[in-house]
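What's in work.txt: compact mmCIF, C-alpha atoms
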# COMPACT_ATOMS: atom_id res chain seq x y z
CA MET Q 175 -10.12 21.01 12.20
CA CYS Q 176 -8.84 22.32 8.88
CA GLU Q 177 -11.17 23.11 5.99
CA GLU Q 178 -9.93 20.15 3.91
CA SER Q 179 -10.67 17.68 6.75
CA ILE Q 180 -14.16 19.12 7.15
CA SER Q 181 -14.70 18.78 3.41
CA LYS Q 182 -13.50 15.15 3.40
CA THR Q 183 -15.69 14.30 6.40
CA ALA Q 184 -18.72 15.95 4.81
CA ASN Q 185 -17.98 14.12 1.58
CA SER Q 186 -17.69 10.70 3.27
CA ASN Q 187 -20.97 11.38 5.08
CA ASN Q 188 -22.56 12.20 1.73
CA ILE Q 189 -21.11 9.06 0.14
CA ALA Q 190 -22.56 7.03 3.02
CA LYS Q 191 -25.93 8.65 2.25
CA PHE Q 192 -25.43 7.85 -1.43
CA MET Q 193 -24.96 4.17 -0.58
CA LEU Q 194 -28.27 4.23 1.32
CA MET Q 195 -30.09 5.62 -1.72
CA ASP Q 196 -32.64 3.51 -3.58
CA SER Q 197 -30.58 0.73 -5.21
CA GLY Q 198 -32.04 1.26 -8.68
CA ARG Q 199 -31.18 4.93 -8.70
CA ARG Q 200 -27.75 4.31 -7.16
CA SER Q 201 -26.99 1.64 -9.80
CA ARG Q 202 -28.10 3.98 -12.57
CA ILE Q 203 -25.70 6.68 -11.33
CA ILE Q 204 -22.80 4.27 -10.85
CA ASN Q 205 -23.28 2.62 -14.26
CA ALA Q 206 -23.65 5.98 -15.99
CA ALA Q 207 -20.46 7.29 -14.40
CA MET Q 208 -18.49 4.11 -15.11
CA SER Q 209 -19.71 4.10 -18.67
CA GLU Q 210 -18.67 7.70 -19.16
CA PHE Q 211 -15.23 7.21 -17.53
CA ARG Q 212 -14.44 4.16 -19.67
CA HIS Q 213 -13.19 6.57 -22.34
CA GLY Q 214 -10.70 8.05 -19.88
CA TYR Q 215 -10.80 10.47 -16.99
CA LYS Q 216 -10.14 13.59 -19.07
CA LYS Q 217 -12.75 12.82 -21.74
CA ALA Q 218 -15.51 12.13 -19.20
CA THR Q 219 -17.83 14.99 -18.37
CA THR Q 220 -20.17 15.34 -15.45
CA ASP Q 221 -22.75 16.77 -17.87
CA ASP Q 222 -22.84 13.46 -19.76
CA ILE Q 223 -22.91 11.46 -16.52
CA VAL Q 224 -25.96 13.29 -15.15
CA LYS Q 225 -27.70 13.13 -18.53
CA ARG Q 226 -27.18 9.35 -18.68
CA ALA Q 227 -28.20 8.86 -15.06
CA GLY Q 228 -31.23 11.13 -15.30
CA ILE Q 229 -30.24 13.24 -12.29
CA SER Q 230 -29.28 16.85 -11.66
CA LYS Q 231 -25.69 17.98 -11.63
CA GLY Q 232 -26.28 19.43 -8.18
CA LEU Q 233 -27.24 16.00 -6.83
CA LEU Q 234 -24.07 14.44 -8.25
CA PHE Q 235 -21.91 17.13 -6.66
CA HIS Q 236 -23.88 16.92 -3.42
CA TYR Q 237 -22.81 13.31 -2.99
CA PHE Q 238 -19.28 13.45 -4.43
CA GLY Q 239 -18.14 17.07 -4.38
CA THR Q 240 -15.83 16.79 -7.39
CA LYS Q 241 -15.29 14.70 -10.50
CA GLU Q 242 -12.07 13.41 -8.91
CA ARG Q 243 -13.87 12.19 -5.78
CA LEU Q 244 -16.53 10.50 -7.91
CA TYR Q 245 -13.77 8.75 -9.84
CA ALA Q 246 -11.99 7.66 -6.65
CA PHE Q 247 -15.30 6.32 -5.30
CA LEU Q 248 -15.89 4.36 -8.52
CA VAL Q 249 -12.41 2.81 -8.42
CA ASN Q 250 -12.93 1.71 -4.81
CA TYR Q 251 -16.43 0.51 -5.52
CA ALA Q 252 -15.51 -1.48 -8.63
CA ILE Q 253 -12.54 -3.20 -7.04
CA ASP Q 254 -14.48 -3.94 -3.86
CA VAL Q 255 -17.35 -5.45 -5.88
CA ILE Q 256 -15.02 -7.70 -7.81
CA ASN Q 257 -13.07 -8.78 -4.75
CA SER Q 258 -16.17 -9.47 -2.67
CA GLU Q 259 -17.99 -11.22 -5.51
CA TYR Q 260 -15.02 -13.44 -6.31
CA ILE Q 261 -14.36 -14.19 -2.66
CA SER Q 262 -17.98 -15.07 -1.96
CA MET Q 263 -18.45 -17.15 -5.10
CA MET Q 264 -15.08 -18.85 -5.72
CA ASN Q 265 -14.56 -22.47 -4.79
CA PHE Q 266 -11.26 -22.24 -2.96
CA GLU Q 267 -11.10 -26.02 -2.59
CA GLN Q 268 -10.30 -26.18 -6.30
CA SER Q 269 -6.62 -25.67 -7.16
CA ASP Q 270 -6.44 -27.03 -10.72
CA LEU Q 271 -5.37 -24.03 -12.80
CA LEU Q 272 -7.68 -24.64 -15.74
CA GLU Q 273 -10.67 -25.29 -13.47
CA VAL Q 274 -9.93 -22.09 -11.53
CA LEU Q 275 -9.64 -20.10 -14.78
CA TRP Q 276 -12.93 -21.59 -16.01
CA GLN Q 277 -14.62 -20.76 -12.71
CA MET Q 278 -13.25 -17.20 -12.90
CA ALA Q 279 -14.53 -16.79 -16.46
CA LEU Q 280 -18.01 -17.84 -15.37
CA LEU Q 281 -17.90 -15.47 -12.40
CA LYS Q 282 -16.72 -12.64 -14.64
CA ARG Q 283 -19.69 -13.28 -16.93
CA ASP Q 284 -22.10 -13.21 -13.98
CA ILE Q 285 -20.58 -10.04 -12.55
CA SER Q 286 -20.66 -8.40 -16.01
CA LEU Q 287 -24.37 -9.11 -16.29
CA ARG Q 288 -25.06 -7.39 -12.96
CA TYR Q 289 -22.54 -4.56 -13.39
CA PRO Q 290 -22.37 -3.93 -17.15
CA SER Q 291 -19.70 -1.20 -17.17
CA LEU Q 292 -17.50 -2.43 -14.34
CA TYR Q 293 -14.76 -4.27 -16.25
CA ASP Q 294 -14.54 -1.68 -19.03
CA PHE Q 295 -14.24 1.03 -16.38
CA LEU Q 296 -11.44 -0.77 -14.52
CA LYS Q 297 -9.58 -1.54 -17.74
CA SER Q 298 -9.83 2.12 -18.71
CA ALA Q 299 -8.71 3.22 -15.24
CA HIS Q 300 -5.58 1.11 -15.63
CA VAL Q 301 -4.88 2.23 -19.23
CA HIS Q 302 -5.57 5.94 -18.58
CA MET Q 303 -3.94 6.08 -15.15
CA SER Q 304 -1.67 8.98 -16.17
CA GLU Q 305 -4.76 11.19 -16.65
CA ILE Q 306 -5.91 10.80 -13.06
CA PRO Q 307 -4.87 13.81 -10.97
CA ASN Q 308 -4.90 11.95 -7.66
CA GLU Q 309 -1.82 9.86 -6.80
CA GLU Q 310 -3.81 8.00 -4.12
CA VAL Q 311 -6.16 6.67 -6.81
CA HIS Q 312 -3.12 5.53 -8.87
CA GLY Q 313 -1.80 3.61 -5.88
CA LEU Q 314 -5.21 2.16 -5.12
CA ILE Q 315 -5.63 0.79 -8.64
CA VAL Q 316 -2.19 -0.82 -8.63
CA GLN Q 317 -2.40 -2.08 -5.02
CA LYS Q 318 -5.83 -3.67 -5.30
CA ARG Q 319 -5.07 -5.23 -8.69
CA GLU Q 320 -1.84 -6.75 -7.34
CA TYR Q 321 -3.66 -8.04 -4.25
CA ALA Q 322 -6.29 -9.79 -6.37
CA LEU Q 323 -3.67 -11.35 -8.65
CA ASP Q 324 -1.56 -12.50 -5.69
CA GLU Q 325 -4.62 -14.16 -4.13
CA PHE Q 326 -5.32 -15.88 -7.44
CA TYR Q 327 -1.73 -17.12 -7.84
CA LYS Q 328 -1.64 -18.43 -4.24
CA ARG Q 329 -4.66 -20.63 -4.89
CA CYS Q 330 -3.53 -22.22 -8.15
CA ASP Q 331 -1.62 -25.45 -8.49
CA ILE Q 332 1.30 -24.56 -10.70
CA SER Q 333 3.15 -27.85 -10.29
CA LEU Q 334 2.32 -28.96 -13.84
CA PHE Q 335 4.31 -26.10 -15.41
CA ALA Q 336 7.76 -27.00 -16.65
CA GLU Q 337 10.57 -25.62 -14.49
CA ASP Q 338 11.71 -23.17 -17.17
CA ILE Q 339 8.26 -21.53 -17.44
CA ASP Q 340 7.36 -18.55 -15.26
CA PRO Q 341 3.89 -19.49 -13.90
CA LYS Q 342 2.73 -15.87 -13.56
CA LYS Q 343 3.60 -15.07 -17.18
CA ALA Q 344 1.97 -18.30 -18.38
CA ILE Q 345 -1.22 -17.60 -16.42
CA ASP Q 346 -1.32 -14.01 -17.70
CA LEU Q 347 -0.95 -15.32 -21.25
CA ILE Q 348 -3.75 -17.87 -20.74
CA TRP Q 349 -6.06 -15.45 -19.00

Would you mind writing the structure in this file as structure tokens?
Amino acid sequence: MCEESISKTANSNNIAKFMLMDSGRRSRIINAAMSEFRHGYKKATTDDIVKRAGISKGLLFHYFGTKERLYAFLVNYAIDVINSEYISMMNFEQSDLLEVLWQMALLKRDISLRYPSLYDFLKSAHVHMSEIPNEEVHGLIVQKREYALDEFYKRCDISLFAEDIDPKKAIDLIW
């Protein structure tokens, strides 16, 4: 086994341990990191993250190894939270576009209350994508965002749009 594979395996074991950590402490670390990264990958510092989270820098690096791995974890985590929350809470029986948008707005509010930095972090990840050194994270952001939007578009009744209106552009404009 090469050294990089060992490092990735050790890191995923540590991330699994991180997820088993006390939920309050884990949330504090995640929210601190997301809050710090919302200004962009390059501007974020691990010193500020650990200060905000009230942990040691060694503990942060024990679980994530590098700033890049922490960032990749946060992208995965944020997108997975949104997808699972929307999937578990959306009424998929409803297809009326305005009702679906209203329902999504309410869900976004609820998710924002539980995960205060999540949407700002994801918006920043998308805006500052060129700063991220890892091409896999770029692809992940784009792929998961497109998946979520495609699922949304599939579930909406777009029959009320005039034929000369692109439904995706109209929905993006409304949303």

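Shortest separation to Q:Leu280 among Q:Glu259, Q:Thr240, Q:Glu305, Q:Val249 occurs at residue Q:Glu259, atoms counted being all atoms listed in the file.
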
Checklist entry - What's the 8 Å shell around Q:Arg212, counting all atoms listed in the file, without same-chain residues fewer than 5 positions away, as number ranges by chain? => result Q: 291, 294-299

Checklist entry - For Q:Phe247, which residue among Q:Ala279, Q:Leu194, Q:Ile204, Q:Leu272 is the nearest when counting all atoms listed in the file? => result Q:Ile204

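Here atom CA of Q:Leu292 stands at a distance of 8.1 Å from atom CA of Q:Ser209.
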
For Q:Ile256, please output as an mmCIF file with C-alpha atoms, in the frame of the given file all residues within 9 Å (counting all atoms listed in the file; exclusion window: fewer than 5 positions along the same chain).
data_model
loop_
_atom_site.group_PDB
_atom_site.id
_atom_site.type_symbol
_atom_site.label_atom_id
_atom_site.label_comp_id
_atom_site.auth_asym_id
_atom_site.auth_seq_id
_atom_site.Cartn_x
_atom_site.Cartn_y
_atom_site.Cartn_z
ATOM 1 C CA TYR Q 251 -16.430 0.510 -5.520
ATOM 2 C CA ILE Q 261 -14.360 -14.190 -2.660
ATOM 3 C CA LYS Q 282 -16.720 -12.640 -14.640
ATOM 4 C CA ILE Q 285 -20.580 -10.040 -12.550
ATOM 5 C CA LEU Q 292 -17.500 -2.430 -14.340
#

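We find atom CA of Q:Arg243 and atom CA of Q:Ile306 to be spaced 10.9 Å apart.
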
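Straight-line separation from atom CA of Q:Val274 to atom CA of Q:Asn250: 24.9 Å.
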
Checklist outcome for this item: With distances taken over all atoms listed in the file, the candidate from Q:Gln317, Q:Ser197, Q:Ser333, Q:Ser304 nearest Q:Gly214 is Q:Ser304

Extract, using all atoms listed in the file, all DNA, RNA and protein residues at most 8 Å from Q:Lys191, discarding same-chain residues fewer than 4 positions from it, and format them as a PDB file with C-alpha atoms, keeping the file's coordinate frame.
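around.pdb, freshly written:
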ATOM      1  CA  ASN Q 187     -20.970  11.380   5.080  1.00  0.00           C
ATOM      2  CA  MET Q 195     -30.090   5.620  -1.720  1.00  0.00           C
ATOM      3  CA  TYR Q 237     -22.810  13.310  -2.990  1.00  0.00           C
TER       4      TYR Q 237
END

Next on the checklist: Taking only C-alpha atoms into account, name the residue in Q:Leu347, Q:Ile332, Q:Ile229, Q:Val255 that is nearest to Q:Arg288.
Outcome noted: Q:Val255

Item to check | Spatial neighbours of Q:Lys231, max dist 9 Å, only C-alpha atoms, sep filter under 6 positions, as an MDAnalysis selection string | outcome: chainID Q and resid 220:221 223:225

Next on the checklist: With 12 Å as the threshold, what does the neighbourhood of (-30.7, 2.4, -12.0) contain in terms of residues, counting all atoms listed in the file? Coordinates are those of the file; answer as a VMD selection string.
Outcome noted: chain Q and resid 195 to 207 226 to 229 288 to 290

Output as a tab-separated table (two decimals), in the coordinates of the input: stretch 205-232 of chain Q, completed with N, CA and C atoms.
chain	number	residue	atom	x	y	z
Q	205	ASN	N	-23.49	3.12	-12.89
Q	205	ASN	CA	-23.28	2.62	-14.26
Q	205	ASN	C	-23.09	3.75	-15.26
Q	206	ALA	N	-23.81	4.83	-15.09
Q	206	ALA	CA	-23.65	5.98	-15.99
Q	206	ALA	C	-22.25	6.57	-15.86
Q	207	ALA	N	-21.79	6.72	-14.62
Q	207	ALA	CA	-20.46	7.29	-14.40
Q	207	ALA	C	-19.36	6.35	-14.91
Q	208	MET	N	-19.49	5.06	-14.62
Q	208	MET	CA	-18.49	4.11	-15.11
Q	208	MET	C	-18.47	4.07	-16.63
Q	209	SER	N	-19.62	4.12	-17.21
Q	209	SER	CA	-19.71	4.10	-18.67
Q	209	SER	C	-19.05	5.33	-19.27
Q	210	GLU	N	-19.26	6.46	-18.67
Q	210	GLU	CA	-18.67	7.70	-19.16
Q	210	GLU	C	-17.14	7.71	-18.96
Q	211	PHE	N	-16.67	7.22	-17.83
Q	211	PHE	CA	-15.23	7.21	-17.53
Q	211	PHE	C	-14.47	6.15	-18.31
Q	212	ARG	N	-15.16	5.22	-18.95
Q	212	ARG	CA	-14.44	4.16	-19.67
Q	212	ARG	C	-13.65	4.70	-20.85
Q	213	HIS	N	-13.94	5.93	-21.25
Q	213	HIS	CA	-13.19	6.57	-22.34
Q	213	HIS	C	-12.00	7.37	-21.81
Q	214	GLY	N	-11.80	7.32	-20.51
Q	214	GLY	CA	-10.70	8.05	-19.88
Q	214	GLY	C	-11.22	9.13	-18.97
Q	215	TYR	N	-10.42	9.47	-17.98
Q	215	TYR	CA	-10.80	10.47	-16.99
Q	215	TYR	C	-11.01	11.84	-17.64
Q	216	LYS	N	-10.08	12.24	-18.48
Q	216	LYS	CA	-10.14	13.59	-19.07
Q	216	LYS	C	-11.32	13.76	-20.03
Q	217	LYS	N	-11.66	12.72	-20.77
Q	217	LYS	CA	-12.75	12.82	-21.74
Q	217	LYS	C	-14.13	12.79	-21.08
Q	218	ALA	N	-14.22	12.24	-19.89
Q	218	ALA	CA	-15.51	12.13	-19.20
Q	218	ALA	C	-15.97	13.50	-18.73
Q	219	THR	N	-17.27	13.73	-18.87
Q	219	THR	CA	-17.83	14.99	-18.37
Q	219	THR	C	-18.97	14.69	-17.40
Q	220	THR	N	-19.08	15.51	-16.40
Q	220	THR	CA	-20.17	15.34	-15.45
Q	220	THR	C	-21.51	15.63	-16.12
Q	221	ASP	N	-21.50	16.50	-17.13
Q	221	ASP	CA	-22.75	16.77	-17.87
Q	221	ASP	C	-23.29	15.49	-18.50
Q	222	ASP	N	-22.41	14.72	-19.13
Q	222	ASP	CA	-22.84	13.46	-19.76
Q	222	ASP	C	-23.25	12.42	-18.72
Q	223	ILE	N	-22.56	12.41	-17.58
Q	223	ILE	CA	-22.91	11.46	-16.52
Q	223	ILE	C	-24.32	11.73	-16.01
Q	224	VAL	N	-24.63	12.99	-15.70
Q	224	VAL	CA	-25.96	13.29	-15.15
Q	224	VAL	C	-27.05	13.08	-16.20
Q	225	LYS	N	-26.73	13.36	-17.45
Q	225	LYS	CA	-27.70	13.13	-18.53
Q	225	LYS	C	-28.02	11.63	-18.62
Q	226	ARG	N	-26.99	10.80	-18.62
Q	226	ARG	CA	-27.18	9.35	-18.68
Q	226	ARG	C	-27.93	8.80	-17.48
Q	227	ALA	N	-27.60	9.35	-16.31
Q	227	ALA	CA	-28.20	8.86	-15.06
Q	227	ALA	C	-29.59	9.42	-14.82
Q	228	GLY	N	-29.93	10.51	-15.50
Q	228	GLY	CA	-31.23	11.13	-15.30
Q	228	GLY	C	-31.35	11.84	-13.97
Q	229	ILE	N	-30.25	12.50	-13.55
Q	229	ILE	CA	-30.24	13.24	-12.29
Q	229	ILE	C	-29.73	14.65	-12.55
Q	230	SER	N	-29.80	15.49	-11.53
Q	230	SER	CA	-29.28	16.85	-11.66
Q	230	SER	C	-27.79	16.86	-11.34
Q	231	LYS	N	-27.11	17.83	-11.90
Q	231	LYS	CA	-25.69	17.98	-11.63
Q	231	LYS	C	-25.46	18.31	-10.15
Q	232	GLY	N	-26.38	19.08	-9.60
Q	232	GLY	CA	-26.28	19.43	-8.18
Q	232	GLY	C	-26.32	18.20	-7.28
